[in-house]
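Heads up: the structure comes next, in structure tokens.
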Amino acid sequence: MLQGKNEKVAILTDTEKVSYGELKKNILNFSKLFDDISESRIAIFSENRLEWIYAFYSIWNNRNIPVPIDYMSGIDDVSFILNDCQPEVIFCSADRKEALKQSLKEISYEPRVIVFEEIDAAPLEGGDDAISFSADDQDTAVIIYTSGTTGSPKGVMLTFENLKSNIIGVSEHVKFYTPDQVVMMLLPLHHIFPLLGSMVATLYVGATVAMAPSLNADDIIRTLQKHKVTMLIGVPRLYSIIHKGIIDKINQSGIAKKLFKIAAILQWQGFSKKIFNTVHQKFGGNVKYLISGGAPLDPEVAVGFRTLGFEICEGYGMTESAPMITFTRPGKFFKGSAGQALPGTKIEIRDGEIVASGKNIMKGYYKRQSETDDILRDGWLYTGDLGHLNSKGRIFITGRKKEIIVLSNGKNINPAEIELKVEKLSPLVKEAAVFMMNDKLNLVIVPDEAGLKKEKVEDAQRYFRDHVLKPYNERATSSKRLLKLHISAEELPKTRLSKIQRFKLVDFVETIAPKEEVVHEKADSKELETIIEFISQQIGQQVYPEDRLIDDLALDSLAKITLIVYLENTFGVEIPEQELVKFERVRDLSNHILAHKTKHKHELINWTNILKEKVNFSLPKAGMSFNFSNFSYKAFIRSILRLHREGINNIPDGPCIIAANHQSFLDGFLIASSLKRKTMRHTYFYAKESHWKSAIKRFLARKNNVILMDVNRDLKTSLQKMAAVLRKGKNLIIFPEGTRSEDGSIGQFKQTFAILARELN
């Protein structure tokens with residue numbers, strides 16, 4: 001486990017150099033402190049320091065099992081772990097002595113406590129042959145308590161074989177770890193990712209550990225530069241912060257921005273290193289690898305570091321896999337992927353869930369057989385993570401199974417997917433989280449306070465409602481709309497590796513804005529009851545009188561027109577589309593109806609009659625430019641793409657609706673170039689007017705069978721125009737998702753094409 005020659009530097013701190021020979025002698029001295037105990041559990045409750053490392057290896061030397069405890073843990077968590085595994089000895093630092101003393105009052109036995117600062121400085125003695133880590137591969141090497149994203153921590157028993165499979169995978173199969181590496185120790189060692197990545201694997205191959213004094217930015221930079229670090233192991237949050245700082249500086253210089261764009265296109269590491277040499281020197285000038293793990297890395301951050309000339313490699317795994325299941329090979333970066341399987345590990349996707357088997361999979365949970373049986377089945381680890389594999393075996397993580405929110409209507413919502421979209425809507429969103437509270441999807445945003453000041457934002461609630469919530473809801477399907485916004489100056493509850501503890505969010509938002517239990521207003525009139533019942537059915541969620549009609553309920557264009565038609569049929573009150581926004585809350589709309597109604601008779605919407613209404617509309621006519629345009633884009637498309645077409649003969653001679661999925665701005669041209677010219681002359685596109693603002697574009701639309709619609713102002717007329725096209729025996733092309741897909745998956749269809757298809761047969 002310690003491969004370095006005695007004279008080689010094993011560990012570097014801010015003030016000390018420890019050779020491999022000195023490391024072994026210190027381990028031997030620590031071993032003597034409890035050499036009367038074997039085959040037991042020994043806890044370490046301390047911040048990262050040299051003594052932590054000596055204690056850990058001394059526990060192995062005495063044939064015991066180390067149990068690292070997060071030094072930031074509260075009294076309840078520490079006492080829980082101590083009661084659960086009952087270590088006979090506890091190492092701790094003076095800084096944690098008082099907290100440990102309080103925790104010991106809550107446990108049922110009396111362990112021996114060794115405080116690092118109180119150990120007598122015994123003279124260094126012994127030799128190489130005095131230390132032995134020999135153990136059976138199936139023996140438990142360490143018990144790591146999970147960080148608790150979903151509740152009480154569980155003790156994960158990892159064997160020596162589990163650890164070795166990871167180490168051999170990154171040092172022999174893929175040579176990440178070599179004796180010449182200087183690996184930065186930054187993250188707390190109680191977690192398996194930094195424990196194995198920055199300590200055990202590093203010392204196993206005879207490389208050097210460089211310990212950062214703290215997570216302070218200045219300490220990190222000084223450690224990188226002073227010790228010529230070649231490998232940095234961090235979590236996505238760390239890389240996001242560093243990336244943002246670099247990009248902000250680049251954006252302050254016009255030349256730097258242009259060079260960054262060129263580097264992004266070239267993706268040539270040699271060029272980027274020269275152009276951004278200042279950035280590399282800030283990192284010490286020797287960094288070969290930036291390793292990210294513990295949570296999903298933002299793909300844009302990964303691409304950004306590669307554009308700057310860094311090799312950034314993301315791994316995926318969990319404590320139960322010691323920790324790796326997959327990792328990115330050097331030079332094999334693929335945007336959005338956490339790499340390929342650890343050598344010897346098998347991966348499958350079962351019902352959307354990632355499952356893995358191999359020598360890296362844990363022995364089980366300490367004293368929790370039923371929970372072990374839940375996650376380990378027939379030798380396969382059921383990770384609880386959702387994802388997919390591509391043809392090259394690359395893994396793509398899409399969410400956490402246990403975090404999926406199930407709405408009252410049965411729809412499943414992946415909060416991580418929404419959070420990613422929200423965070424990209426404004427640079428002032430520092431972090432965001434989605435959760436369920438009071439039967440509504442809630443969003444909590446932690447703003448970038450410095451950014452708010454710079455942009456002179458005085459009302460953060462209003463800013464994020466206008467610039468984040470509103471634009472998100474306009475694009476989102478009804479089931480994914482966010483109906484309540486919270487702003488927090490405090491960081492979200494997270495594990496030490498920056499994973500959101502979603503189960504704590506409800507209590508968290510009530511803490512930042514304490515309030516009484518929510519008491520909703522009551523519907524005090526039949527009119528209000530009727531309106532609430534109708535809107536609730538439309539959006540699939542419970543509606544209350546105090547809900548904001550547009551902002552909270554996030555009605556899309558069709559939902560608005562459906563509501564307007566319903567109000568006219570039921571109450572005899574006509575409300576123009578542009579007037580609907582004047583009613584802030586559902587109660588305000590009800591009050592207007594109450595004051596102006598001429599009847600109250602519940603009537604279903606009769607789309608047949610609506611679509612039969614006459615509308616002043618003439619079809620665009622294909623002009624002289626049509627044939628030329630048709631020939632040109634067909635020739636262009638076929639010159640740059642290999643287009644595979646099937647089922648063209650299935651398009652009927654009579655009128656039909658072609659409902660196509662939407663992934664790129666070329667989709668309209670792709671469809672048009674696939675259709676026969678005769679079919680195309682009788683086929684019309686439905687397009688948003690906002691995309692065709694210029695005079696030349698409008699001219700081209702009129703001459704190329706494009707019907708422009710203003711979906712925000714007069715959707716009813718737009719629907720009637722589309723119906724007129726079909727009644728005249730023409731074809732209509734509609735993108736039923738309403739907007740382009742961001743990741744290639746098909747979105748939820750809007751109702752427009754279904755209404756037309758049903759009502760016009």
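Every chain in the structure tokens takes a letter, A first, then B, and so on in the order presented; its residues are numbered from 1, and the ligands are numbered from 1 following the presented order.
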
Problem set entry | Within 9 Å of Cys313 (chain A) using only C-alpha atoms, minus same-chain residues under 3 positions, as a PyMOL selection string | chain A and resi 289-293+302+327-333+338-339

Writer output for current selection, C-alpha atoms, as a PDB file, in the first residue's frame:
ATOM      1  CA  TYR A 289      -5.481  16.320 -14.954  1.00  0.00           C
ATOM      2  CA  LEU A 290      -8.493  17.950 -13.336  1.00  0.00           C
ATOM      3  CA  ILE A 291     -10.522  15.089 -11.826  1.00  0.00           C
ATOM      4  CA  SER A 292     -14.187  15.671 -10.991  1.00  0.00           C
ATOM      5  CA  GLY A 293     -16.461  13.370  -9.012  1.00  0.00           C
ATOM      6  CA  ALA A 302     -16.128  20.718 -18.680  1.00  0.00           C
ATOM      7  CA  PHE A 327     -14.356   7.383 -15.527  1.00  0.00           C
ATOM      8  CA  THR A 328     -13.198   9.408 -18.518  1.00  0.00           C
ATOM      9  CA  ARG A 329      -9.993   8.196 -20.123  1.00  0.00           C
ATOM     10  CA  PRO A 330      -7.347  10.833 -20.906  1.00  0.00           C
ATOM     11  CA  GLY A 331      -7.969  12.273 -24.362  1.00  0.00           C
ATOM     12  CA  LYS A 332     -11.413  10.615 -24.576  1.00  0.00           C
ATOM     13  CA  PHE A 333     -13.598  13.493 -23.340  1.00  0.00           C
ATOM     14  CA  ALA A 338     -18.993  10.568 -17.144  1.00  0.00           C
ATOM     15  CA  GLY A 339     -16.841   8.159 -19.125  1.00  0.00           C
TER      16      GLY A 339
END

For this session: Extract the full set of strand (DSSP E) residues from region 323-413 of chain A according to DSSP on the backbone, and format it as a ChimeraX atom specification.
Result: /A:324-327,340-341,346-350,353-357,364-365,376-377,380-389,395-400,405-406,412-413

Grab the residues selected above and save them as a compact mmCIF listing (two decimals), in the first residue's frame with N, CA and C atoms.
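Printed below is result.txt as written:
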# COMPACT_ATOMS: atom_id res chain seq x y z
N MET A 324 -15.55 4.22 -7.83
CA MET A 324 -15.78 4.39 -9.27
C MET A 324 -16.58 3.27 -9.91
N ILE A 325 -17.48 3.67 -10.80
CA ILE A 325 -18.15 2.76 -11.72
C ILE A 325 -17.67 3.07 -13.14
N THR A 326 -17.56 4.36 -13.45
CA THR A 326 -17.02 4.78 -14.75
C THR A 326 -16.05 5.94 -14.54
N PHE A 327 -15.18 6.18 -15.52
CA PHE A 327 -14.36 7.38 -15.53
C PHE A 327 -13.93 7.69 -16.95
N GLN A 340 -16.41 5.81 -19.34
CA GLN A 340 -16.71 4.39 -19.57
C GLN A 340 -16.37 3.57 -18.34
N ALA A 341 -16.80 2.32 -18.35
CA ALA A 341 -16.72 1.48 -17.16
C ALA A 341 -15.29 1.28 -16.68
N LYS A 346 -19.06 -4.31 -15.04
CA LYS A 346 -20.13 -4.40 -16.03
C LYS A 346 -21.24 -3.42 -15.67
N ILE A 347 -21.83 -2.82 -16.70
CA ILE A 347 -22.91 -1.86 -16.49
C ILE A 347 -24.09 -2.24 -17.37
N GLU A 348 -25.28 -2.15 -16.81
CA GLU A 348 -26.52 -2.33 -17.58
C GLU A 348 -27.51 -1.24 -17.16
N ILE A 349 -28.49 -1.01 -18.04
CA ILE A 349 -29.59 -0.11 -17.72
C ILE A 349 -30.86 -0.96 -17.61
N ARG A 350 -31.45 -0.97 -16.43
CA ARG A 350 -32.65 -1.76 -16.19
C ARG A 350 -33.78 -0.84 -15.75
N GLU A 353 -32.71 2.52 -14.80
CA GLU A 353 -31.77 2.63 -13.67
C GLU A 353 -30.43 2.01 -14.03
N ILE A 354 -29.36 2.64 -13.57
CA ILE A 354 -28.01 2.13 -13.80
C ILE A 354 -27.71 1.04 -12.77
N VAL A 355 -27.31 -0.14 -13.25
CA VAL A 355 -26.89 -1.21 -12.35
C VAL A 355 -25.48 -1.64 -12.74
N ALA A 356 -24.69 -2.06 -11.75
CA ALA A 356 -23.29 -2.39 -12.01
C ALA A 356 -22.87 -3.61 -11.21
N SER A 357 -21.92 -4.36 -11.76
CA SER A 357 -21.35 -5.49 -11.02
C SER A 357 -19.85 -5.53 -11.29
N GLY A 364 -21.44 -4.80 1.67
CA GLY A 364 -22.80 -4.57 2.16
C GLY A 364 -22.82 -3.43 3.17
N TYR A 365 -24.00 -3.16 3.72
CA TYR A 365 -24.14 -2.14 4.77
C TYR A 365 -23.92 -2.80 6.14
N LEU A 376 -28.28 -4.63 -3.37
CA LEU A 376 -27.46 -5.67 -4.00
C LEU A 376 -28.34 -6.87 -4.33
N ARG A 377 -28.49 -7.13 -5.64
CA ARG A 377 -29.35 -8.24 -6.07
C ARG A 377 -28.59 -9.09 -7.09
N TRP A 380 -25.48 -7.62 -8.44
CA TRP A 380 -25.59 -6.34 -9.15
C TRP A 380 -25.96 -5.24 -8.15
N LEU A 381 -25.27 -4.12 -8.27
CA LEU A 381 -25.56 -2.94 -7.45
C LEU A 381 -26.59 -2.08 -8.18
N TYR A 382 -27.75 -1.90 -7.55
CA TYR A 382 -28.78 -1.03 -8.10
C TYR A 382 -28.53 0.38 -7.56
N THR A 383 -27.99 1.24 -8.42
CA THR A 383 -27.44 2.52 -7.97
C THR A 383 -28.50 3.54 -7.56
N GLY A 384 -29.72 3.41 -8.10
CA GLY A 384 -30.73 4.44 -7.84
C GLY A 384 -30.59 5.63 -8.76
N ASP A 385 -29.55 5.62 -9.62
CA ASP A 385 -29.35 6.70 -10.59
C ASP A 385 -29.98 6.33 -11.93
N LEU A 386 -30.50 7.33 -12.60
CA LEU A 386 -31.10 7.14 -13.92
C LEU A 386 -30.11 7.57 -14.99
N GLY A 387 -30.08 6.85 -16.09
CA GLY A 387 -29.14 7.22 -17.14
C GLY A 387 -29.24 6.30 -18.34
N HIS A 388 -28.32 6.49 -19.28
CA HIS A 388 -28.28 5.63 -20.46
C HIS A 388 -26.84 5.50 -20.95
N LEU A 389 -26.61 4.46 -21.74
CA LEU A 389 -25.30 4.20 -22.35
C LEU A 389 -25.40 4.42 -23.84
N ILE A 395 -21.35 6.50 -20.31
CA ILE A 395 -22.52 6.66 -19.44
C ILE A 395 -22.98 8.12 -19.43
N PHE A 396 -24.29 8.31 -19.41
CA PHE A 396 -24.89 9.64 -19.30
C PHE A 396 -25.89 9.58 -18.14
N ILE A 397 -25.66 10.39 -17.12
CA ILE A 397 -26.51 10.40 -15.93
C ILE A 397 -27.62 11.43 -16.13
N THR A 398 -28.86 11.02 -15.89
CA THR A 398 -29.98 11.94 -16.12
C THR A 398 -30.73 12.31 -14.84
N GLY A 399 -30.46 11.63 -13.74
CA GLY A 399 -31.17 11.98 -12.52
C GLY A 399 -31.05 10.89 -11.47
N ARG A 400 -31.73 11.12 -10.37
CA ARG A 400 -31.70 10.19 -9.24
C ARG A 400 -33.10 9.63 -9.06
N ILE A 405 -39.96 13.32 -8.51
CA ILE A 405 -41.17 13.83 -7.87
C ILE A 405 -42.38 13.29 -8.62
N VAL A 406 -43.28 12.63 -7.91
CA VAL A 406 -44.49 12.09 -8.53
C VAL A 406 -45.65 13.04 -8.20
N ASN A 412 -44.24 11.88 -13.60
CA ASN A 412 -42.94 11.88 -12.92
C ASN A 412 -42.11 13.08 -13.36
N ILE A 413 -41.54 13.78 -12.39
CA ILE A 413 -40.73 14.97 -12.66
C ILE A 413 -39.31 14.74 -12.14

For this session: Would you mind listing what lies within 6 Å of region 183-200 of chain A as a PyMOL selection string, with only C-alpha atoms counted and same-chain residues fewer than 5 positions away left out?
Result: chain A and resi 68-70+209-212+231-232+323

Seminar exercise, completed: Min atom-atom distance to Ser58 (chain A) from the set A:Asn591, A:Thr717, A:Thr345, A:Asn26, counting only C-alpha atoms, belongs to A:Asn26

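Of all the residues in region 286-393 of chain A, the ones DSSP labels as helix (DSSP H, G or I) from the backbone are Pro299, Glu300, Val301, Ala302, Val303, Gly304, Phe305, Arg306, Thr307, Thr319, Glu320, Ser321, Gln369, Ser370, Glu371, Thr372, Asp373, Asp374 and Ile375 of chain A.
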
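Distance-wise, CA of Tyr566 (chain A) and CA of Met722 (chain A) end up 20.8 Å apart.
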
For this session: Using only C-alpha atoms, find the one residue out of A:Phe305, A:Phe116, A:Tyr20, A:Tyr544 that sits nearest to Ala264 (chain A).
Result: A:Phe305

For this session: Identify, on the basis of only C-alpha atoms, every residue whose closest approach to Lys522 (chain A) does not exceed 10 Å; exclude the query and any residue fewer than 6 positions from it along the same chain; express the result as a PyMOL selection string.
Result: chain A and resi 528-529+544-546
